[in-house]
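*Asks:* Before anything else, here's the structure in question.
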Number of protein chains: 2
Amino acid sequence: MSCFTLEATDGAARAGCIRTAHGEIRTPAFMPVGTKATVKSLLPAEVRALGADVILGNTYHLHLRPGEDVIEELGGLHVFSGWDGPILTDSGGFQVFSLRDTLLEVDDEGATFRSVYDGHPERLTPEGVAEIQRRLGGDIAMCLDICPPADASRADHEEAVRRTQLWAERQVDLPRAPGQLRFGIAQGGTDRELRQRSLEGLVALPFDGFALGGLAVGESREEMLDTVAWGTPSLPADRPRYFMGLGDAEGILEVIARGIDMFDCVLPTRTARTGSALTARGRLNLRNARFTRDPRPLEDGCGCPACAEGFSRAFVRHLVTQRELLGLRLLSLHNLWFTLRLIAGAREAITRGTFDAYRAGVLATLAAGPEEETWQR
Amino acid sequence: MSCFTLEATDGAARAGCIRTAHGEIRTPAFMPVGTKATVKSLLPAEVRALGADVILGNTYHLHLRPGEDVIEELGGLHVFSGWDGPILTDSGGFQVFSLRDTLLEVDDEGATFRSVYDGHPERLTPEGVAEIQRRLGGDIAMCLDICPPADASRADHEEAVRRTQLWAERQVDLPRAPGQLRFGIAQGGTDRELRQRSLEGLVALPFDGFALGGLAVGESREEMLDTVAWGTPSLPADRPRYFMGLGDAEGILEVIARGIDMFDCVLPTRTARTGSALTARGRLNLRNARFTRDPRPLEDGCGCPACAEGFSRAFVRHLVTQRELLGLRLLSLHNLWFTLRLIAGAREAITRGTFDAYRAGVLATLAAGPEEETWQR
């Protein structure tokens, strides 16, 4: 039985629900990134209160620090981290292949790389990754795949598709944690023939869901969206579809419009660490001196814990310029709230059959750009 | 009318209440330090939930960044920071005289120093500090004083006493924010004659409360406690007594036993930033490898938000070693809770007339040292 219930469609956009061993994920779903078993600076209860159904943990980092043996001994990733809702663990493949200075060797058996923590050689294989994920105990385990950069040669993309398929076939039936779902990942870059080959090979396997990998890695946005548009029809309607690594408002709405159900991105929390707030009219860089005496909240009418509590732009700017951790926290809360509300709005619009108008409205406001720079006291 | 109600005494130890424009402070009181208008990493609501009645803000830092003009324009320190309870602002004197590399000149009019932020020369005078504090709008404003190190010559201590008294006389009647209280500060190091001279001069002035300054700056603990023991009887019983800068469990209990009502210290939050937890049996350095697989909370039976939520030592150690901000938050919450509970316990014991037994019990547990290093799963 599929873990996914499709509740509504509006054009190619979908609203649904994924059932996991630790609760339901309403889709479209944004997954805050908890790289090292923590969404940076936030308590699990805060992330839940923001409206997140699911978070992502990084197999690469958790394998190296503190190690799946420690996490398993402490009761698994849920008990260890204090997040009792659904968790998706990636495969580590993205880190292995994107930290290219540390990659030593790839063959059909797996990949060898130097740990970013201490330089020690480490090896990830499809079987090894599945075992790490079993011990971590996440609710959704992603297959180990090979993710080339956008500018890789066609031969490299073709080899990535071949090896990713080979590994998918070896992983699909490996032992899992109780109730754990496993998703396959398609590669192929923006080459239509290769992407199609990858998708066709993958959907022949009994995965619980499917991901489009190897996108948002350097190709143009148009190429990316085209690939999603002709890729998703190849995927079964009764399984969730995950676009790996996308967090900006426009990108999210455009891939939802092309049939994607799940996303993850460090953008909301990384933007917070650089001192910027996401708003409906674009980013505010709180380091800008014009905010020094600005009494307004980060965004008028925002219901996030930072804005609802009345913290001013002036105070957040003070905290950010003074490197006070509370500034980073307030911006993380705000930016995740913004992103999660955007997607909750998309879900509601799909259910009502008004997604096109919703998307057009959000994009028009964004295009209008920053608000006026003055205010009345 | 005095702002202070003495509710109970037990030997020299006192329990009472200070009424301020933003609420009551139950004494003995520990004041978490919010140097730059934020108790590092924590929301005001979290600090309140830990049981803090009052926080401290640093006039030196707030004057330089963002400036009292900004804070006043934003509605004062309470509105700016989001902390709506009592706030005490120090005078900046401690920073001016402890950052000795930056001190340029001191005369009877004031002190000139280089800003730690940008090296610009800045000047603080008694009148200037009082005006900064009026504009910041804290509930208790400390006088500008001169705080020599413990090893200063007797002549330097004598000069500090003279100038501190001169400045106190000039500050006591200066304009204040509505309802703002003003406390005088006694100097004199551990020299009994000088300390007595400072206290006598000070108590002749109509201050709302009195502080012992220039202690815990390098003298022995015995000298420090002796100075408190023979100093406090010179202070009027109907005014609060503040020991500036003390945060360890033993020190706090010993000065409470000698008649002190208020303390502040960065120790709980600074200890958190170094990765250590305060417990009844001493400090735990969570960086220690023996905590890697330790499933217990930071302290058994602790009701702090970190322990009550079930976060393990293993998880906190992981966060600390990975420099994840949540680790610092969890330790800050725990360490402030520990310190605030210690003092709440002292207050209750004073009210019951059992303070000596309470103090002896706490100190015996502390002296027993760390718990056994093993545990049963």
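As shown in the structure tokens, the chain order sets the letters A, B, ...; within each chain, residues go from 1, and ligands are also counted from 1 in the order they appear.
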What would you get as a short mmCIF file (atom, residue, chain, number, x, y, z; two decimals) with C-alpha atoms, in the first residue's frame if chain B were moved onto chain A by least squares over all of its C-alpha atoms in order?
*Replies:*
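Writing done, so here's part.cif:
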data_model
loop_
_atom_site.label_atom_id
_atom_site.label_comp_id
_atom_site.auth_asym_id
_atom_site.auth_seq_id
_atom_site.Cartn_x
_atom_site.Cartn_y
_atom_site.Cartn_z
CA MET B 1 0.04 0.01 -0.02
CA SER B 2 1.30 3.46 -0.86
CA CYS B 3 2.27 5.74 2.00
CA PHE B 4 0.75 8.61 0.05
CA THR B 5 -2.81 9.84 -0.29
CA LEU B 6 -3.48 12.35 -3.04
CA GLU B 7 -6.12 14.69 -1.67
CA ALA B 8 -6.50 17.29 -4.39
CA THR B 9 -4.98 18.41 -7.67
CA ASP B 10 -5.06 21.79 -9.37
CA GLY B 11 -3.47 21.53 -12.78
CA ALA B 12 -0.27 19.59 -12.12
CA ALA B 13 -0.09 20.87 -8.53
CA ARG B 14 -0.94 18.35 -5.84
CA ALA B 15 -2.03 18.34 -2.19
CA GLY B 16 -1.72 15.15 -0.22
CA CYS B 17 -0.52 13.35 2.83
CA ILE B 18 2.39 10.98 3.53
CA ARG B 19 1.89 8.55 6.39
CA THR B 20 5.05 7.68 8.33
CA ALA B 21 5.87 5.78 11.50
CA HIS B 22 6.09 9.11 13.35
CA GLY B 23 3.04 10.87 11.97
CA GLU B 24 1.69 12.46 8.84
CA ILE B 25 3.34 14.89 6.48
CA ARG B 26 0.94 17.27 4.76
CA THR B 27 2.10 18.03 1.22
CA PRO B 28 3.33 20.17 -0.38
CA ALA B 29 5.83 20.03 2.48
CA PHE B 30 8.92 22.05 3.26
CA MET B 31 11.47 20.19 5.36
CA PRO B 32 13.66 22.38 7.60
CA VAL B 33 17.20 21.05 7.54
CA GLY B 34 18.55 19.62 10.79
CA THR B 35 21.98 18.74 9.45
CA LYS B 36 23.48 17.57 12.71
CA ALA B 37 20.24 16.46 14.42
CA THR B 38 19.28 20.07 15.18
CA VAL B 39 17.60 22.76 13.11
CA LYS B 40 20.25 25.35 13.83
CA SER B 41 19.61 27.30 17.05
CA LEU B 42 16.03 26.03 17.51
CA LEU B 43 14.35 23.63 19.91
CA PRO B 44 12.30 20.81 18.36
CA ALA B 45 9.19 22.24 20.01
CA GLU B 46 9.83 25.58 18.30
CA VAL B 47 10.19 23.95 14.88
CA ARG B 48 6.93 22.07 15.45
CA ALA B 49 5.17 25.27 16.54
CA LEU B 50 6.27 26.93 13.29
CA GLY B 51 4.16 24.36 11.46
CA ALA B 52 6.84 21.96 10.21
CA ASP B 53 5.65 18.37 9.85
CA VAL B 54 9.02 16.84 8.99
CA ILE B 55 12.70 17.68 9.28
CA LEU B 56 15.74 16.42 7.40
CA GLY B 57 18.86 14.91 8.92
CA ASN B 58 22.17 14.50 7.07
CA THR B 59 23.47 10.96 6.94
CA TYR B 60 26.96 12.14 5.98
CA HIS B 61 27.35 14.36 9.03
CA LEU B 62 25.57 12.10 11.51
CA HIS B 63 27.61 9.10 10.37
CA LEU B 64 30.83 10.99 11.01
CA ARG B 65 29.67 12.86 14.15
CA PRO B 66 28.55 11.38 16.51
CA GLY B 67 28.13 8.15 14.51
CA GLU B 68 25.07 5.97 13.96
CA ASP B 69 26.24 3.63 16.73
CA VAL B 70 25.92 6.42 19.29
CA ILE B 71 22.55 7.56 17.96
CA GLU B 72 21.21 4.00 17.83
CA GLU B 73 22.40 3.34 21.38
CA LEU B 74 20.66 6.50 22.56
CA GLY B 75 17.38 5.27 21.03
CA GLY B 76 17.58 6.51 17.46
CA LEU B 77 17.45 9.93 15.86
CA HIS B 78 14.02 10.85 17.25
CA VAL B 79 14.93 10.22 20.87
CA PHE B 80 18.46 11.60 20.43
CA SER B 81 17.33 14.88 18.88
CA GLY B 82 14.05 15.33 20.74
CA TRP B 83 12.13 15.69 17.45
CA ASP B 84 9.34 13.11 17.64
CA GLY B 85 7.79 13.80 14.23
CA PRO B 86 8.76 12.44 10.84
CA ILE B 87 12.43 12.63 9.85
CA LEU B 88 13.90 12.14 6.39
CA THR B 89 17.56 11.18 6.17
CA ASP B 90 19.42 11.95 2.98
CA SER B 91 22.00 9.51 1.68
CA GLY B 92 25.20 11.49 2.05
CA GLY B 93 25.66 11.33 -1.71
CA PHE B 94 25.18 15.04 -2.19
CA GLN B 95 27.92 15.85 0.35
CA VAL B 96 30.30 13.23 -1.02
CA PHE B 97 30.00 14.54 -4.57
CA SER B 98 29.62 18.26 -3.86
CA LEU B 99 32.63 18.43 -1.52
CA ARG B 100 34.74 17.51 -4.51
CA ASP B 101 38.08 18.33 -2.97
CA THR B 102 37.50 15.47 -0.56
CA LEU B 103 36.37 12.85 -3.09
CA LEU B 104 39.02 10.19 -3.58
CA GLU B 105 37.48 7.44 -5.69
CA VAL B 106 34.15 6.26 -7.05
CA ASP B 107 33.50 2.84 -8.50
CA ASP B 108 30.50 0.60 -8.87
CA GLU B 109 30.84 -0.53 -5.28
CA GLY B 110 30.76 2.88 -3.65
CA ALA B 111 32.60 6.14 -3.02
CA THR B 112 35.70 6.90 -0.97
CA PHE B 113 36.29 10.39 0.38
CA ARG B 114 38.15 12.23 3.10
CA SER B 115 36.08 13.19 6.12
CA VAL B 116 35.56 16.95 6.35
CA TYR B 117 36.04 16.57 10.10
CA ASP B 118 39.47 15.00 10.32
CA GLY B 119 40.63 14.08 6.83
CA HIS B 120 40.37 10.34 7.46
CA PRO B 121 39.41 8.29 4.41
CA GLU B 122 35.82 7.07 4.63
CA ARG B 123 33.77 4.90 2.32
CA LEU B 124 30.07 4.99 1.59
CA THR B 125 28.41 2.14 -0.30
CA PRO B 126 24.72 1.64 -1.08
CA GLU B 127 24.59 -1.16 1.45
CA GLY B 128 26.53 0.82 4.05
CA VAL B 129 24.32 3.88 3.68
CA ALA B 130 21.15 1.80 4.01
CA GLU B 131 22.54 0.25 7.20
CA ILE B 132 23.51 3.65 8.63
CA GLN B 133 20.00 4.89 7.90
CA ARG B 134 18.42 1.79 9.43
CA ARG B 135 20.35 2.44 12.62
CA LEU B 136 19.59 6.17 12.62
CA GLY B 137 15.94 5.17 12.40
CA GLY B 138 14.57 8.01 10.27
CA ASP B 139 11.13 7.66 8.69
CA ILE B 140 12.22 8.17 5.10
CA ALA B 141 15.61 6.95 3.86
CA MET B 142 17.01 8.29 0.59
CA CYS B 143 19.05 6.02 -1.69
CA LEU B 144 22.73 6.69 -2.21
CA ASP B 145 23.01 8.29 -5.64
CA ILE B 146 25.64 10.05 -7.71
CA CYS B 147 25.04 13.75 -8.15
CA PRO B 148 27.24 15.41 -10.79
CA PRO B 149 27.39 19.19 -11.15
CA ALA B 150 25.27 20.77 -13.88
CA ASP B 151 28.31 21.38 -16.08
CA ALA B 152 29.47 17.75 -16.04
CA SER B 153 29.90 16.13 -19.46
CA ARG B 154 27.12 14.06 -20.97
CA ALA B 155 29.31 11.01 -20.43
CA ASP B 156 29.60 11.84 -16.73
CA HIS B 157 25.84 12.32 -16.48
CA GLU B 158 25.28 9.03 -18.28
CA GLU B 159 27.65 7.23 -15.92
CA ALA B 160 25.88 8.83 -12.93
CA VAL B 161 22.53 7.57 -14.23
CA ARG B 162 23.88 4.05 -14.73
CA ARG B 163 25.53 3.86 -11.32
CA THR B 164 22.62 5.50 -9.51
CA GLN B 165 20.30 2.88 -11.06
CA LEU B 166 22.69 0.06 -10.15
CA TRP B 167 22.81 1.29 -6.58
CA ALA B 168 19.03 1.80 -6.42
CA GLU B 169 18.50 -1.83 -7.42
CA ARG B 170 20.86 -2.97 -4.67
CA GLN B 171 19.26 -0.75 -2.03
CA VAL B 172 15.54 -1.08 -2.64
CA ASP B 173 15.08 -4.29 -0.67
CA LEU B 174 17.71 -3.88 2.04
CA PRO B 175 16.66 -4.10 5.71
CA ARG B 176 14.98 -1.01 7.12
CA ALA B 177 14.08 0.41 10.49
CA PRO B 178 10.49 -0.44 11.51
CA GLY B 179 8.08 1.43 9.24
CA GLN B 180 10.91 3.18 7.42
CA LEU B 181 10.10 4.30 3.87
CA ARG B 182 12.72 4.35 1.12
CA PHE B 183 12.82 6.80 -1.77
CA GLY B 184 14.73 6.44 -5.02
CA ILE B 185 16.54 9.34 -6.68
CA ALA B 186 16.62 10.11 -10.40
CA GLN B 187 19.65 11.75 -11.99
CA GLY B 188 20.39 12.79 -15.59
CA GLY B 189 20.88 16.53 -15.21
CA THR B 190 18.76 18.48 -17.67
CA ASP B 191 19.37 16.04 -20.53
CA ARG B 192 15.91 14.83 -21.41
CA GLU B 193 16.93 11.43 -22.69
CA LEU B 194 19.16 10.68 -19.69
CA ARG B 195 16.64 11.99 -17.16
CA GLN B 196 13.93 9.88 -18.79
CA ARG B 197 16.15 6.80 -18.69
CA SER B 198 16.84 7.38 -15.00
CA LEU B 199 13.17 7.90 -14.19
CA GLU B 200 12.05 4.82 -16.09
CA GLY B 201 14.61 2.60 -14.43
CA LEU B 202 13.70 3.94 -11.03
CA VAL B 203 9.92 3.68 -11.22
CA ALA B 204 10.25 0.00 -12.14
CA LEU B 205 11.51 -0.52 -8.57
CA PRO B 206 9.17 -0.67 -5.55
CA PHE B 207 10.21 2.58 -3.89
CA ASP B 208 7.82 4.41 -1.55
CA GLY B 209 8.59 7.72 -3.19
CA PHE B 210 10.80 9.32 -5.79
CA ALA B 211 13.14 12.27 -5.83
CA LEU B 212 14.52 14.47 -8.55
CA GLY B 213 18.19 14.81 -7.68
CA GLY B 214 20.94 16.64 -9.50
CA LEU B 215 18.89 19.80 -10.03
CA ALA B 216 19.48 23.28 -8.62
CA VAL B 217 23.19 22.50 -8.94
CA GLY B 218 24.15 25.18 -11.43
CA GLU B 219 21.77 24.88 -14.39
CA SER B 220 19.49 27.78 -15.35
CA ARG B 221 16.15 28.05 -13.62
CA GLU B 222 14.40 27.60 -16.96
CA GLU B 223 16.24 24.34 -17.63
CA MET B 224 15.49 23.20 -14.11
CA LEU B 225 11.78 23.93 -14.37
CA ASP B 226 11.53 22.33 -17.81
CA THR B 227 13.15 19.19 -16.45
CA VAL B 228 10.66 19.06 -13.59
CA ALA B 229 7.75 19.70 -15.98
CA TRP B 230 8.49 16.79 -18.29
CA GLY B 231 9.94 14.60 -15.53
CA THR B 232 7.05 14.42 -13.08
CA PRO B 233 4.55 12.85 -15.52
CA SER B 234 6.84 9.79 -15.59
CA LEU B 235 6.37 9.33 -11.85
CA PRO B 236 3.45 7.34 -10.43
CA ALA B 237 0.68 9.59 -9.14
CA ASP B 238 0.31 7.57 -5.95
CA ARG B 239 3.84 8.19 -4.66
CA PRO B 240 5.32 11.39 -3.19
CA ARG B 241 7.72 13.42 -5.31
CA TYR B 242 10.63 15.18 -3.73
CA PHE B 243 12.73 17.98 -5.23
CA MET B 244 16.02 17.91 -3.36
CA GLY B 245 17.36 21.27 -2.30
CA LEU B 246 15.13 24.22 -3.13
CA GLY B 247 14.07 26.95 -0.75
CA ASP B 248 13.28 30.27 -2.46
CA ALA B 249 9.65 31.34 -2.74
CA GLU B 250 9.55 31.53 -6.54
CA GLY B 251 11.30 28.21 -7.04
CA ILE B 252 9.08 26.44 -4.56
CA LEU B 253 5.86 27.68 -6.16
CA GLU B 254 7.07 26.89 -9.67
CA VAL B 255 7.96 23.30 -8.86
CA ILE B 256 4.73 22.81 -6.92
CA ALA B 257 3.00 23.98 -10.11
CA ARG B 258 4.87 21.18 -11.91
CA GLY B 259 3.77 18.41 -9.58
CA ILE B 260 6.37 18.34 -6.76
CA ASP B 261 5.28 17.46 -3.20
CA MET B 262 8.36 17.92 -1.01
CA PHE B 263 11.40 20.20 -0.70
CA ASP B 264 14.23 20.90 1.65
CA CYS B 265 16.69 23.73 1.81
CA VAL B 266 19.06 25.43 4.23
CA LEU B 267 18.08 28.80 2.75
CA PRO B 268 15.77 30.02 5.55
CA THR B 269 18.27 29.26 8.31
CA ARG B 270 21.38 30.17 6.32
CA THR B 271 19.80 33.48 5.33
CA ALA B 272 19.14 34.07 9.02
CA ARG B 273 22.81 33.52 9.80
CA THR B 274 23.75 36.19 7.29
CA GLY B 275 21.40 38.63 9.04
CA SER B 276 18.59 38.70 6.48
CA ALA B 277 14.85 38.30 6.79
CA LEU B 278 12.66 36.73 4.11
CA THR B 279 9.53 38.73 3.40
CA ALA B 280 6.75 38.74 0.85
CA ARG B 281 8.52 41.61 -0.91
CA GLY B 282 11.99 40.13 -0.85
CA ARG B 283 14.88 40.00 1.56
CA LEU B 284 15.69 42.57 4.21
CA ASN B 285 19.35 42.76 5.15
CA LEU B 286 19.12 43.80 8.77
CA ARG B 287 22.75 44.92 8.73
CA ASN B 288 21.63 47.89 6.68
CA ALA B 289 21.91 51.12 8.70
CA ARG B 290 18.44 52.20 7.61
CA PHE B 291 16.98 49.76 10.15
CA THR B 292 18.80 51.32 13.13
CA ARG B 293 15.70 53.14 14.38
CA ASP B 294 13.00 51.16 12.57
CA PRO B 295 10.33 50.25 15.15
CA ARG B 296 8.39 47.93 12.84
CA PRO B 297 8.45 44.14 13.05
CA LEU B 298 10.45 42.25 10.43
CA GLU B 299 7.25 41.97 8.41
CA ASP B 300 3.97 43.74 9.08
CA GLY B 301 1.20 41.34 10.00
CA CYS B 302 3.55 38.36 10.33
CA GLY B 303 2.52 35.82 12.95
CA CYS B 304 5.98 34.33 13.57
CA PRO B 305 7.24 34.25 17.17
CA ALA B 306 9.65 37.13 16.50
CA CYS B 307 7.14 39.47 14.87
CA ALA B 308 4.20 38.49 17.07
CA GLU B 309 6.24 39.25 20.19
CA GLY B 310 6.87 42.74 18.86
CA PHE B 311 10.63 42.59 18.38
CA SER B 312 11.56 45.53 16.17
CA ARG B 313 13.82 45.66 13.16
CA ALA B 314 15.95 48.05 15.22
CA PHE B 315 16.41 45.43 17.95
CA VAL B 316 17.09 42.62 15.48
CA ARG B 317 19.59 44.83 13.69
CA HIS B 318 21.29 45.59 17.01
CA LEU B 319 21.48 41.86 17.79
CA VAL B 320 22.76 40.97 14.33
CA THR B 321 25.44 43.65 14.23
CA GLN B 322 26.53 42.70 17.75
CA ARG B 323 26.59 39.00 16.80
CA GLU B 324 24.13 38.19 19.54
CA LEU B 325 22.72 34.70 19.10
CA LEU B 326 19.19 35.85 19.78
CA GLY B 327 19.29 37.74 16.48
CA LEU B 328 20.03 34.56 14.59
CA ARG B 329 17.25 32.79 16.48
CA LEU B 330 14.67 35.46 15.76
CA LEU B 331 15.59 35.50 12.07
CA SER B 332 15.57 31.69 11.86
CA LEU B 333 12.11 31.59 13.41
CA HIS B 334 10.89 34.29 11.05
CA ASN B 335 12.41 32.81 7.89
CA LEU B 336 11.18 29.29 8.56
CA TRP B 337 7.72 30.63 9.41
CA PHE B 338 7.72 32.60 6.16
CA THR B 339 8.66 29.54 4.11
CA LEU B 340 6.29 27.18 5.90
CA ARG B 341 3.39 29.66 5.61
CA LEU B 342 4.09 30.11 1.91
CA ILE B 343 3.70 26.38 1.38
CA ALA B 344 0.71 26.07 3.69
CA GLY B 345 -0.90 28.76 1.55
CA ALA B 346 -0.09 26.79 -1.59
CA ARG B 347 -1.63 23.64 -0.10
CA GLU B 348 -4.80 25.48 0.79
CA ALA B 349 -5.01 27.08 -2.65
CA ILE B 350 -4.57 23.70 -4.37
CA THR B 351 -7.38 22.28 -2.26
CA ARG B 352 -9.62 25.19 -3.32
CA GLY B 353 -8.54 25.06 -6.95
CA THR B 354 -7.04 28.55 -6.78
CA PHE B 355 -3.35 27.71 -6.95
CA ASP B 356 -2.62 29.69 -10.12
CA ALA B 357 -4.05 32.85 -8.60
CA TYR B 358 -2.13 32.22 -5.36
CA ARG B 359 1.13 31.74 -7.19
CA ALA B 360 0.54 34.79 -9.39
CA GLY B 361 -0.27 36.91 -6.34
CA VAL B 362 2.83 35.84 -4.42
CA LEU B 363 5.09 36.38 -7.41
CA ALA B 364 3.58 39.79 -8.18
CA THR B 365 4.18 40.97 -4.62
CA LEU B 366 7.73 39.64 -4.74
CA ALA B 367 8.33 41.37 -8.07
CA ALA B 368 7.03 44.66 -6.64
CA GLY B 369 10.18 44.68 -4.56
CA PRO B 370 11.01 46.27 -1.24
CA GLU B 371 8.55 48.47 0.53
CA GLU B 372 9.08 52.18 0.96
CA GLU B 373 12.05 52.91 3.17
CA THR B 374 10.39 55.42 5.46
CA TRP B 375 7.75 55.07 8.11
CA GLN B 376 5.64 57.28 10.28
CA ARG B 377 6.20 57.10 13.99
#
*Asks:* Could you pull out the residues in region 146-273 of chain A that DSSP calls alpha helix (DSSP H) from the backbone, as a CSV table (one decimal) with C-alpha atoms, in the first residue's frame?
*Replies:*
chain,number,residue,atom,x,y,z
A,154,ARG,CA,27.1,14.1,-21.0
A,155,ALA,CA,29.3,11.0,-20.4
A,156,ASP,CA,29.6,11.8,-16.7
A,157,HIS,CA,25.8,12.3,-16.5
A,158,GLU,CA,25.3,9.0,-18.3
A,159,GLU,CA,27.6,7.2,-15.9
A,160,ALA,CA,25.9,8.8,-13.0
A,161,VAL,CA,22.5,7.6,-14.2
A,162,ARG,CA,23.9,4.1,-14.7
A,163,ARG,CA,25.5,3.9,-11.3
A,164,THR,CA,22.6,5.5,-9.5
A,165,GLN,CA,20.3,2.9,-11.1
A,166,LEU,CA,22.7,0.1,-10.2
A,167,TRP,CA,22.8,1.3,-6.6
A,168,ALA,CA,19.0,1.8,-6.4
A,169,GLU,CA,18.5,-1.8,-7.4
A,170,ARG,CA,20.9,-3.0,-4.7
A,171,GLN,CA,19.2,-0.8,-2.0
A,192,ARG,CA,15.9,14.8,-21.4
A,193,GLU,CA,16.9,11.4,-22.7
A,194,LEU,CA,19.2,10.7,-19.7
A,195,ARG,CA,16.7,12.0,-17.2
A,196,GLN,CA,13.9,9.9,-18.8
A,197,ARG,CA,16.2,6.8,-18.7
A,198,SER,CA,16.8,7.4,-15.0
A,199,LEU,CA,13.2,7.9,-14.2
A,200,GLU,CA,12.1,4.8,-16.1
A,201,GLY,CA,14.6,2.6,-14.4
A,202,LEU,CA,13.7,3.9,-11.0
A,203,VAL,CA,9.9,3.7,-11.2
A,221,ARG,CA,16.2,28.1,-13.6
A,222,GLU,CA,14.4,27.6,-17.0
A,223,GLU,CA,16.2,24.3,-17.6
A,224,MET,CA,15.5,23.2,-14.1
A,225,LEU,CA,11.8,23.9,-14.4
A,226,ASP,CA,11.5,22.3,-17.8
A,227,THR,CA,13.2,19.2,-16.5
A,228,VAL,CA,10.7,19.1,-13.6
A,229,ALA,CA,7.8,19.7,-16.0
A,230,TRP,CA,8.5,16.8,-18.3
A,231,GLY,CA,9.9,14.6,-15.5
A,249,ALA,CA,9.7,31.3,-2.8
A,250,GLU,CA,9.6,31.5,-6.5
A,251,GLY,CA,11.3,28.2,-7.0
A,252,ILE,CA,9.1,26.4,-4.6
A,253,LEU,CA,5.9,27.7,-6.2
A,254,GLU,CA,7.1,26.9,-9.7
A,255,VAL,CA,8.0,23.3,-8.9
A,256,ILE,CA,4.7,22.8,-6.9
A,267,LEU,CA,18.1,28.8,2.7
A,268,PRO,CA,15.8,30.0,5.5
A,269,THR,CA,18.3,29.3,8.3
A,270,ARG,CA,21.4,30.2,6.3
A,271,THR,CA,19.8,33.5,5.3
A,272,ALA,CA,19.1,34.1,9.0
A,273,ARG,CA,22.8,33.5,9.8
*Asks:* Please return as an MDAnalysis selection string: the residues of region 154-349 of chain A that backbone DSSP assigns to strand (DSSP E or B).
*Replies:* chainID A and resid 181:186 209:212 241:243 262:265 276:279 282:285
*Asks:* May I have the selected residues written with C-alpha atoms, as a compact mmCIF listing (two decimals), in the first residue's frame?
*Replies:*
# COMPACT_ATOMS: atom_id res chain seq x y z
CA LEU A 181 10.12 4.29 3.88
CA ARG A 182 12.73 4.34 1.13
CA PHE A 183 12.83 6.80 -1.77
CA GLY A 184 14.74 6.43 -5.02
CA ILE A 185 16.54 9.34 -6.69
CA ALA A 186 16.62 10.11 -10.41
CA GLY A 209 8.59 7.72 -3.20
CA PHE A 210 10.80 9.32 -5.79
CA ALA A 211 13.13 12.27 -5.83
CA LEU A 212 14.52 14.46 -8.56
CA ARG A 241 7.73 13.41 -5.34
CA TYR A 242 10.64 15.17 -3.73
CA PHE A 243 12.73 17.97 -5.24
CA MET A 262 8.38 17.90 -1.01
CA PHE A 263 11.40 20.20 -0.71
CA ASP A 264 14.24 20.90 1.65
CA CYS A 265 16.69 23.75 1.80
CA SER A 276 18.60 38.71 6.48
CA ALA A 277 14.85 38.31 6.79
CA LEU A 278 12.66 36.74 4.10
CA THR A 279 9.52 38.74 3.41
CA GLY A 282 11.99 40.15 -0.87
CA ARG A 283 14.87 40.01 1.56
CA LEU A 284 15.69 42.57 4.21
CA ASN A 285 19.35 42.75 5.15
